[in-house]
>>> print(open('model08.txt').read())   # compact mmCIF, C-alpha atoms
# COMPACT_ATOMS: atom_id res chain seq x y z
CA MET A 1 -6.47 19.30 -75.22
CA THR A 2 -3.21 21.06 -74.45
CA THR A 3 -2.34 22.66 -77.72
CA LYS A 4 -1.61 26.23 -78.65
CA LEU A 5 -2.81 27.84 -81.81
CA ILE A 6 0.00 29.78 -83.44
CA ILE A 7 -0.21 32.23 -86.29
CA ASN A 8 2.91 33.52 -87.95
CA CYS A 9 2.14 37.16 -88.70
CA SER A 10 4.75 37.37 -91.43
CA THR A 11 3.66 34.33 -93.43
CA GLY A 12 0.06 33.90 -92.30
CA GLU A 13 0.80 30.23 -91.59
CA GLN A 14 -1.33 28.77 -88.79
CA THR A 15 -0.17 25.75 -86.77
CA GLU A 16 -1.33 23.80 -83.74
CA VAL A 17 1.40 22.70 -81.35
CA GLU A 18 1.39 20.62 -78.15
CA LEU A 19 2.30 22.57 -75.02
CA THR A 20 5.63 21.75 -73.42
CA ALA A 21 5.74 20.43 -69.85
CA GLU A 22 7.11 23.82 -68.78
CA GLU A 23 4.21 25.65 -70.41
CA VAL A 24 1.68 23.33 -68.77
CA ALA A 25 3.32 23.90 -65.38
CA GLN A 26 3.24 27.67 -65.91
CA GLN A 27 -0.45 27.54 -66.83
CA GLU A 28 -1.26 25.52 -63.72
CA ALA A 29 0.68 27.88 -61.46
CA ASP A 30 -0.97 30.89 -63.07
CA ALA A 31 -4.41 29.38 -62.70
CA LEU A 32 -3.91 28.71 -59.00
CA ALA A 33 -2.70 32.26 -58.43
CA PHE A 34 -5.58 33.68 -60.43
CA ALA A 35 -8.16 31.70 -58.44
CA GLU A 36 -6.80 33.17 -55.21
CA GLN A 37 -6.78 36.69 -56.61
CA GLU A 38 -10.25 36.28 -58.05
CA ALA A 39 -11.60 35.19 -54.65
CA ALA A 40 -10.02 38.24 -53.02
CA ARG A 41 -11.45 40.58 -55.68
CA GLN A 42 -14.92 39.12 -55.29
CA ALA A 43 -14.72 39.34 -51.48
CA GLU A 44 -13.89 43.03 -51.78
CA LEU A 45 -16.82 43.61 -54.13
CA ASP A 46 -19.18 41.67 -51.86
CA ALA A 47 -18.07 43.63 -48.79
CA LYS A 48 -18.63 46.93 -50.60
CA ALA A 49 -22.07 45.88 -51.82
CA GLU A 50 -23.01 44.74 -48.31
CA ALA A 51 -21.87 48.02 -46.77
CA LYS A 52 -23.85 49.96 -49.37
CA ALA A 53 -27.01 47.97 -48.71
CA SER A 54 -26.58 48.46 -44.98
CA ALA A 55 -26.11 52.23 -45.40
CA GLN A 56 -29.19 52.45 -47.61
CA ALA A 57 -31.27 50.58 -45.04
CA LYS A 58 -30.14 52.95 -42.31
CA LEU A 59 -30.97 55.99 -44.45
CA LYS A 60 -34.42 54.56 -45.10
CA ALA A 61 -34.93 54.02 -41.37
CA LEU A 62 -34.16 57.71 -40.92
CA GLY A 63 -37.08 58.54 -43.20
CA LEU A 64 -35.43 59.17 -46.58
CA THR A 65 -37.38 58.07 -49.65
CA ASP A 66 -35.95 55.66 -52.21
CA ASP A 67 -35.49 58.54 -54.66
CA GLU A 68 -33.59 60.58 -52.06
CA ILE A 69 -31.35 57.63 -51.21
CA GLU A 70 -30.73 57.01 -54.89
CA ALA A 71 -29.76 60.65 -55.35
CA LEU A 72 -27.26 60.36 -52.50
CA VAL A 73 -25.55 57.17 -53.61
CA LYS A 74 -25.21 57.97 -57.32
CA MET B 1 -3.77 60.62 -89.80
CA ALA B 2 -3.24 57.28 -88.13
CA THR B 3 -3.87 54.16 -90.17
CA TYR B 4 -5.21 50.88 -88.85
CA ASN B 5 -3.94 47.71 -90.53
CA LEU B 6 -5.01 44.13 -89.91
CA ILE B 7 -1.86 42.06 -89.32
CA SER B 8 -3.44 38.67 -88.54
CA THR B 9 -6.64 37.19 -87.27
CA ILE B 10 -7.15 33.79 -85.71
CA THR B 11 -10.32 31.85 -84.97
CA VAL B 12 -10.32 28.80 -82.74
CA GLY B 13 -11.54 25.59 -84.32
CA SER B 14 -13.72 22.80 -82.98
CA GLY B 15 -10.97 21.27 -80.84
CA GLY B 16 -10.42 24.42 -78.77
CA ALA B 17 -7.02 25.84 -77.91
CA SER B 18 -5.04 26.17 -74.68
CA SER B 19 -3.55 29.40 -75.91
CA ILE B 20 -3.44 31.70 -78.91
CA VAL B 21 -0.07 32.92 -80.13
CA PHE B 22 0.86 35.63 -82.61
CA THR B 23 4.48 35.23 -83.72
CA SER B 24 6.83 37.14 -86.05
CA ILE B 25 4.96 40.39 -85.48
CA PRO B 26 6.17 42.98 -88.00
CA GLN B 27 8.17 45.80 -86.43
CA THR B 28 6.93 48.39 -88.90
CA PHE B 29 4.05 49.91 -86.96
CA THR B 30 3.89 52.47 -84.16
CA ASP B 31 1.38 50.69 -81.90
CA LEU B 32 -0.54 47.41 -81.77
CA VAL B 33 -4.19 46.74 -81.04
CA LEU B 34 -5.51 43.30 -80.16
CA LYS B 35 -9.26 42.71 -80.46
CA ILE B 36 -10.63 39.68 -78.66
CA SER B 37 -13.94 37.87 -78.71
CA ALA B 38 -13.58 34.77 -76.58
CA ARG B 39 -15.24 32.13 -74.48
CA THR B 40 -13.43 29.58 -72.34
CA ALA B 41 -14.31 26.04 -71.29
CA SER B 42 -14.26 26.79 -67.57
CA ASN B 43 -17.49 25.57 -65.97
CA SER B 44 -16.86 26.81 -62.46
CA GLY B 45 -16.82 30.19 -60.78
CA PRO B 46 -18.14 33.48 -62.10
CA VAL B 47 -18.93 34.13 -65.75
CA PHE B 48 -15.78 36.09 -66.48
CA ASP B 49 -12.35 34.83 -67.41
CA SER B 50 -9.22 36.92 -67.80
CA PRO B 51 -6.66 35.74 -70.34
CA TYR B 52 -3.03 36.30 -69.47
CA VAL B 53 -1.01 38.29 -71.96
CA ASP B 54 2.64 37.34 -72.35
CA PHE B 55 5.01 39.16 -74.66
CA ASN B 56 7.86 37.23 -76.25
CA GLY B 57 6.89 34.19 -74.15
CA SER B 58 7.87 35.87 -70.89
CA ALA B 59 5.66 35.48 -67.82
CA SER B 60 7.93 37.55 -65.56
CA ASN B 61 8.40 41.24 -64.74
CA GLN B 62 4.71 41.99 -65.16
CA THR B 63 2.31 44.12 -63.13
CA THR B 64 -1.29 45.16 -63.66
CA ARG B 65 -3.45 47.81 -62.03
CA TYR B 66 -7.18 47.42 -62.51
CA LEU B 67 -10.71 48.65 -61.90
CA ILE B 68 -13.50 46.09 -62.13
CA THR B 69 -17.17 45.63 -61.54
CA THR B 70 -19.12 42.40 -61.60
CA ASP B 71 -22.58 43.80 -60.90
CA GLY B 72 -22.47 47.04 -62.87
CA THR B 73 -22.52 49.11 -59.70
CA THR B 74 -19.81 48.25 -57.20
CA VAL B 75 -16.24 48.93 -58.30
CA ALA B 76 -13.09 47.35 -56.90
CA SER B 77 -9.47 48.12 -57.64
CA GLY B 78 -6.19 46.35 -57.14
CA ASN B 79 -2.88 45.07 -58.45
CA GLU B 80 -1.79 41.81 -60.01
CA ALA B 81 1.63 40.36 -60.66
CA ARG B 82 0.70 39.27 -64.18
CA ASN B 83 -0.54 41.06 -67.29
CA TYR B 84 -4.12 40.42 -68.30
CA VAL B 85 -6.85 41.32 -70.65
CA LEU B 86 -8.98 41.42 -67.53
CA PHE B 87 -12.45 40.01 -68.21
CA GLY B 88 -11.35 39.43 -71.79
CA ALA B 89 -13.27 36.16 -72.05
CA SER B 90 -16.63 34.78 -70.99
CA ARG B 91 -16.59 31.48 -69.17
CA ASN B 92 -18.76 28.55 -70.19
CA THR B 93 -21.08 29.43 -67.30
CA ALA B 94 -22.21 32.54 -69.21
CA THR B 95 -25.31 32.55 -71.38
CA ALA B 96 -24.94 30.08 -74.25
CA ASN B 97 -23.28 31.37 -77.40
CA VAL B 98 -22.15 34.58 -75.71
CA PHE B 99 -18.57 35.75 -76.19
CA SER B 100 -16.52 38.54 -74.66
CA ASN B 101 -15.68 41.87 -76.18
CA ALA B 102 -12.22 43.17 -75.33
CA GLU B 103 -9.33 45.23 -76.60
CA LEU B 104 -5.66 45.52 -75.67
CA TYR B 105 -3.70 48.57 -76.79
CA ILE B 106 0.10 48.36 -76.89
CA PRO B 107 1.89 51.62 -77.71
CA ASN B 108 5.50 51.74 -78.91
CA TYR B 109 5.77 47.96 -79.01
CA ALA B 110 8.89 48.03 -81.16
CA GLY B 111 10.76 50.54 -79.01
CA SER B 112 13.44 49.99 -76.37
CA THR B 113 11.56 51.19 -73.29
CA TYR B 114 9.42 49.15 -70.88
CA LYS B 115 6.18 48.02 -72.51
CA SER B 116 2.94 49.42 -71.16
CA SER B 117 -0.44 48.35 -72.39
CA SER B 118 -4.04 48.96 -71.46
CA SER B 119 -7.12 46.86 -71.84
CA ASP B 120 -10.85 47.11 -71.54
CA GLY B 121 -12.88 43.96 -71.30
CA VAL B 122 -16.47 42.91 -71.02
CA ALA B 123 -17.07 39.26 -70.24
CA GLU B 124 -20.50 39.26 -71.85
CA ASN B 125 -23.43 37.45 -70.25
CA ASN B 126 -27.09 37.97 -70.93
CA ALA B 127 -27.91 38.30 -67.23
CA THR B 128 -27.30 40.61 -64.30
CA ALA B 129 -23.86 39.22 -63.48
CA VAL B 130 -21.38 40.51 -66.01
CA GLY B 131 -17.75 41.50 -65.69
CA LEU B 132 -16.43 44.86 -66.86
CA ALA B 133 -12.82 45.84 -66.39
CA LEU B 134 -10.18 48.42 -67.18
CA ALA B 135 -6.58 47.39 -66.71
CA ALA B 136 -3.21 49.04 -67.08
CA ASN B 137 -0.36 46.61 -67.64
CA LEU B 138 3.39 47.01 -67.52
CA TRP B 139 5.98 44.54 -68.76
CA SER B 140 9.31 45.73 -67.38
CA ASN B 141 11.36 44.63 -70.32
CA THR B 142 12.99 46.74 -73.03
CA ALA B 143 12.83 44.14 -75.80
CA ALA B 144 10.71 44.83 -78.85
CA ILE B 145 7.54 42.77 -78.84
CA THR B 146 7.72 40.07 -81.48
CA SER B 147 5.11 37.66 -80.13
CA ILE B 148 1.93 37.81 -78.06
CA THR B 149 0.41 34.84 -76.20
CA LEU B 150 -3.10 34.76 -74.76
CA THR B 151 -3.89 32.06 -72.19
CA PRO B 152 -7.09 31.50 -70.18
CA SER B 153 -6.52 32.01 -66.47
CA THR B 154 -8.46 29.02 -65.21
CA THR B 155 -7.03 25.56 -64.68
CA GLY B 156 -7.20 23.28 -67.69
CA SER B 157 -9.38 25.73 -69.55
CA ASN B 158 -9.32 26.19 -73.30
CA PHE B 159 -10.51 28.88 -75.61
CA LEU B 160 -13.66 27.44 -77.16
CA GLN B 161 -14.55 27.19 -80.82
CA TYR B 162 -15.31 30.53 -82.50
CA SER B 163 -13.17 32.48 -80.06
CA SER B 164 -11.18 34.93 -82.12
CA ALA B 165 -8.36 37.40 -81.81
CA SER B 166 -7.29 39.97 -84.36
CA LEU B 167 -4.03 41.89 -84.25
CA TYR B 168 -3.87 45.32 -85.84
CA GLY B 169 -0.93 47.62 -86.44
CA ILE B 170 -1.32 51.37 -86.03
CA LYS B 171 0.82 53.80 -87.96
CA ASN B 172 0.96 57.38 -86.79
CA SER B 173 1.42 58.67 -90.28
>>> encode(input="model08.txt", output="structure tokens")
Amino acid sequence: MTTKLIINCSTGEQTEVELTAEEVAQQEADALAFAEQEAARQAELDAKAEAKASAQAKLKALGLTDDEIEALVK
Amino acid sequence: MATYNLISTITVGSGGASSIVFTSIPQTFTDLVLKISARTASNSGPVFDSPYVDFNGSASNQTTRYLITTDGTTVASGNEARNYVLFGASRNTATANVFSNAELYIPNYAGSTYKSSSSDGVAENNATAVGLALAANLWSNTAAITSITLTPSTTGSNFLQYSSASLYGIKNS
């Protein structure tokens, strides 16, 4: 299904229209770009979470309790 | 006192929709607010989708700055070259029957300066993994906004049935 749902805000008329070839091409290009950006965003989040877990483990090895570690990282 | 007026609301039918378009937006308000509850057909990747927002059909001269979290704890930030309602839709990998909760605010949409907008989005999911985002968009164009297009950001994805978007006009008097 490659249709767009259009509502005319002045008349309230709602129509369903096939996408043009140009619109389909734009959607495909956007989707490819978004997938790359999404992967980069998730990699950044994963790296941060991994660093946090590593830091917490090191703090625990130094003798801090879970409550003390929690107080530090919040 | 500001007043809040419903301009139009649209709900996707059983066939789905590749995009949702508001046209002929009245130029009589001060600001616009777009409320979105959406789910897309994408069955791959994380549970959150991020619909693109195009004004007047233009996909150029856009930038977005964002803050996101996908685990409720770790926050990432960055820039994009397109305008989004970041995490404004849940993907079909989210818990069944769950839809997003998002809002896009567009001040001075009828003016002759560049058009900024801001969005907050929660790609709902009844599980640990959920996407929350704040985004600041800029469309470097001085034209008054007369149409708004929302398009899922994943390949071949549609808005699913019962996805809805409502456009409100705000008057500052």
>>> closest_atom_pairs(input="model08.txt", of="chain B", to="chain A", cutoff="9 Å", atoms="all atoms listed in the file", output="CSV")
residue,atom,partner,partner_atom,distance
B:Ile7,CA,A:Cys9,CA,6.4
B:Ser8,CA,A:Cys9,CA,5.8
B:Thr9,CA,A:Ile7,CA,8.2
B:Ile10,CA,A:Ile7,CA,7.1
B:Val12,CA,A:Leu5,CA,7.6
B:Gly15,CA,A:Met1,CA,7.5
B:Gly16,CA,A:Met1,CA,7.4
B:Ala17,CA,A:Lys4,CA,5.5
B:Ser18,CA,A:Lys4,CA,5.2
B:Ser19,CA,A:Lys4,CA,4.6
B:Ile20,CA,A:Leu5,CA,4.9
B:Val21,CA,A:Ile6,CA,4.6
B:Phe22,CA,A:Ile7,CA,5.1
B:Thr23,CA,A:Asn8,CA,4.8
B:Ser24,CA,A:Cys9,CA,5.4
B:Ile25,CA,A:Cys9,CA,5.4
B:Pro26,CA,A:Ser10,CA,6.7
B:Ser50,CA,A:Phe34,CA,8.8
B:Tyr52,CA,A:Asp30,CA,8.6
B:Ala59,CA,A:Gln26,CA,8.4
B:Ile68,CA,A:Arg41,CA,8.7
B:Thr69,CA,A:Leu45,CA,7.7
B:Thr70,CA,A:Leu45,CA,7.9
B:Asp71,CA,A:Leu45,CA,8.9
B:Thr73,CA,A:Ala49,CA,8.5
B:Thr74,CA,A:Ala49,CA,6.3
B:Val75,CA,A:Leu45,CA,6.8
B:Ala76,CA,A:Leu45,CA,6.0
B:Ser77,CA,A:Arg41,CA,8.0
B:Gly78,CA,A:Arg41,CA,7.9
B:Glu80,CA,A:Gln37,CA,7.9
B:Arg82,CA,A:Asp30,CA,8.6
B:Thr149,CA,A:Ile6,CA,8.8
B:Thr151,CA,A:Gln27,CA,7.8
B:Pro152,CA,A:Ala31,CA,8.2
B:Ser153,CA,A:Ala31,CA,5.1
B:Thr154,CA,A:Ala31,CA,4.8
B:Thr155,CA,A:Ala31,CA,5.0
B:Gly156,CA,A:Glu28,CA,7.5
B:Asn158,CA,A:Met1,CA,7.7
B:Leu167,CA,A:Cys9,CA,9.0
>>> residues_around(input="model08.txt", residues="B:Gly72", least_positions_apart="5", cutoff="9 Å", atoms="all atoms listed in the file", output="list in words")
Thr128, Ala129, Val130, Gly131 and Leu132 of chain B
>>> residues_around(input="model08.txt", residues="B:Gln27", least_positions_apart="3", cutoff="12 Å", atoms="only C-alpha atoms", output="VMD selection string")
(chain A and resid 9 to 10) or (chain B and resid 7 23 to 24 30 to 32 108 to 111 143 to 147 169 to 171)
>>> residues_around(input="model08.txt", residues="B:Arg91", least_positions_apart="3", cutoff="8 Å", atoms="all atoms listed in the file", output="PyMOL selection string")
chain B and resi 39-43+46-49+94+123
>>> atom_distance(input="model08.txt", atom1="atom CA of A:Ala51", atom2="atom CA of A:Thr65")
18.7 Å
>>> decode(input="model08.txt", residues="stretch 9-30 of chain A", atoms="N, CA and C atoms", output="PDB file, in the first residue's frame")
ATOM      1  N   CYS A   9      -7.937  20.755   5.696  1.00  0.00           N
ATOM      2  CA  CYS A   9      -8.353  21.366   6.964  1.00  0.00           C
ATOM      3  C   CYS A   9      -9.418  22.441   6.777  1.00  0.00           C
ATOM      4  N   SER A  10      -9.545  22.940   5.577  1.00  0.00           N
ATOM      5  CA  SER A  10     -10.564  23.973   5.348  1.00  0.00           C
ATOM      6  C   SER A  10     -11.933  23.373   5.100  1.00  0.00           C
ATOM      7  N   THR A  11     -11.955  22.236   4.374  1.00  0.00           N
ATOM      8  CA  THR A  11     -13.246  21.645   4.015  1.00  0.00           C
ATOM      9  C   THR A  11     -13.577  20.409   4.858  1.00  0.00           C
ATOM     10  N   GLY A  12     -12.568  19.820   5.472  1.00  0.00           N
ATOM     11  CA  GLY A  12     -12.786  18.587   6.215  1.00  0.00           C
ATOM     12  C   GLY A  12     -12.813  17.353   5.327  1.00  0.00           C
ATOM     13  N   GLU A  13     -12.637  17.562   4.023  1.00  0.00           N
ATOM     14  CA  GLU A  13     -12.679  16.432   3.082  1.00  0.00           C
ATOM     15  C   GLU A  13     -11.452  15.545   3.253  1.00  0.00           C
ATOM     16  N   GLN A  14     -11.662  14.234   3.304  1.00  0.00           N
ATOM     17  CA  GLN A  14     -10.567  13.281   3.467  1.00  0.00           C
ATOM     18  C   GLN A  14     -10.440  12.439   2.206  1.00  0.00           C
ATOM     19  N   THR A  15      -9.225  12.330   1.670  1.00  0.00           N
ATOM     20  CA  THR A  15      -9.010  11.551   0.450  1.00  0.00           C
ATOM     21  C   THR A  15      -7.794  10.652   0.613  1.00  0.00           C
ATOM     22  N   GLU A  16      -7.746   9.606  -0.205  1.00  0.00           N
ATOM     23  CA  GLU A  16      -6.621   8.683  -0.197  1.00  0.00           C
ATOM     24  C   GLU A  16      -6.015   8.715  -1.591  1.00  0.00           C
ATOM     25  N   VAL A  17      -4.723   9.022  -1.676  1.00  0.00           N
ATOM     26  CA  VAL A  17      -4.085   9.251  -2.968  1.00  0.00           C
ATOM     27  C   VAL A  17      -2.830   8.397  -3.086  1.00  0.00           C
ATOM     28  N   GLU A  18      -2.603   7.816  -4.275  1.00  0.00           N
ATOM     29  CA  GLU A  18      -1.385   7.044  -4.523  1.00  0.00           C
ATOM     30  C   GLU A  18      -0.159   7.959  -4.460  1.00  0.00           C
ATOM     31  N   LEU A  19       0.929   7.459  -3.890  1.00  0.00           N
ATOM     32  CA  LEU A  19       2.163   8.243  -3.867  1.00  0.00           C
ATOM     33  C   LEU A  19       2.736   8.345  -5.276  1.00  0.00           C
ATOM     34  N   THR A  20       3.372   9.460  -5.565  1.00  0.00           N
ATOM     35  CA  THR A  20       4.065   9.603  -6.845  1.00  0.00           C
ATOM     36  C   THR A  20       5.390   8.848  -6.764  1.00  0.00           C
ATOM     37  N   ALA A  21       5.990   8.596  -7.919  1.00  0.00           N
ATOM     38  CA  ALA A  21       7.297   7.915  -7.952  1.00  0.00           C
ATOM     39  C   ALA A  21       8.326   8.722  -7.167  1.00  0.00           C
ATOM     40  N   GLU A  22       8.243  10.035  -7.268  1.00  0.00           N
ATOM     41  CA  GLU A  22       9.186  10.911  -6.555  1.00  0.00           C
ATOM     42  C   GLU A  22       9.010  10.769  -5.039  1.00  0.00           C
ATOM     43  N   GLU A  23       7.766  10.690  -4.596  1.00  0.00           N
ATOM     44  CA  GLU A  23       7.506  10.545  -3.165  1.00  0.00           C
ATOM     45  C   GLU A  23       7.991   9.190  -2.654  1.00  0.00           C
ATOM     46  N   VAL A  24       7.794   8.152  -3.455  1.00  0.00           N
ATOM     47  CA  VAL A  24       8.272   6.819  -3.065  1.00  0.00           C
ATOM     48  C   VAL A  24       9.796   6.820  -2.960  1.00  0.00           C
ATOM     49  N   ALA A  25      10.449   7.449  -3.929  1.00  0.00           N
ATOM     50  CA  ALA A  25      11.914   7.520  -3.916  1.00  0.00           C
ATOM     51  C   ALA A  25      12.411   8.282  -2.690  1.00  0.00           C
ATOM     52  N   GLN A  26      11.723   9.357  -2.351  1.00  0.00           N
ATOM     53  CA  GLN A  26      12.109  10.149  -1.169  1.00  0.00           C
ATOM     54  C   GLN A  26      11.956   9.318   0.104  1.00  0.00           C
ATOM     55  N   GLN A  27      10.855   8.573   0.179  1.00  0.00           N
ATOM     56  CA  GLN A  27      10.629   7.727   1.363  1.00  0.00           C
ATOM     57  C   GLN A  27      11.726   6.677   1.488  1.00  0.00           C
ATOM     58  N   GLU A  28      12.098   6.083   0.365  1.00  0.00           N
ATOM     59  CA  GLU A  28      13.136   5.044   0.416  1.00  0.00           C
ATOM     60  C   GLU A  28      14.482   5.622   0.831  1.00  0.00           C
ATOM     61  N   ALA A  29      14.806   6.789   0.294  1.00  0.00           N
ATOM     62  CA  ALA A  29      16.072   7.440   0.659  1.00  0.00           C
ATOM     63  C   ALA A  29      16.063   7.815   2.138  1.00  0.00           C
ATOM     64  N   ASP A  30      14.949   8.355   2.590  1.00  0.00           N
ATOM     65  CA  ASP A  30      14.837   8.739   4.000  1.00  0.00           C
ATOM     66  C   ASP A  30      14.974   7.518   4.911  1.00  0.00           C
TER      67      ASP A  30
END
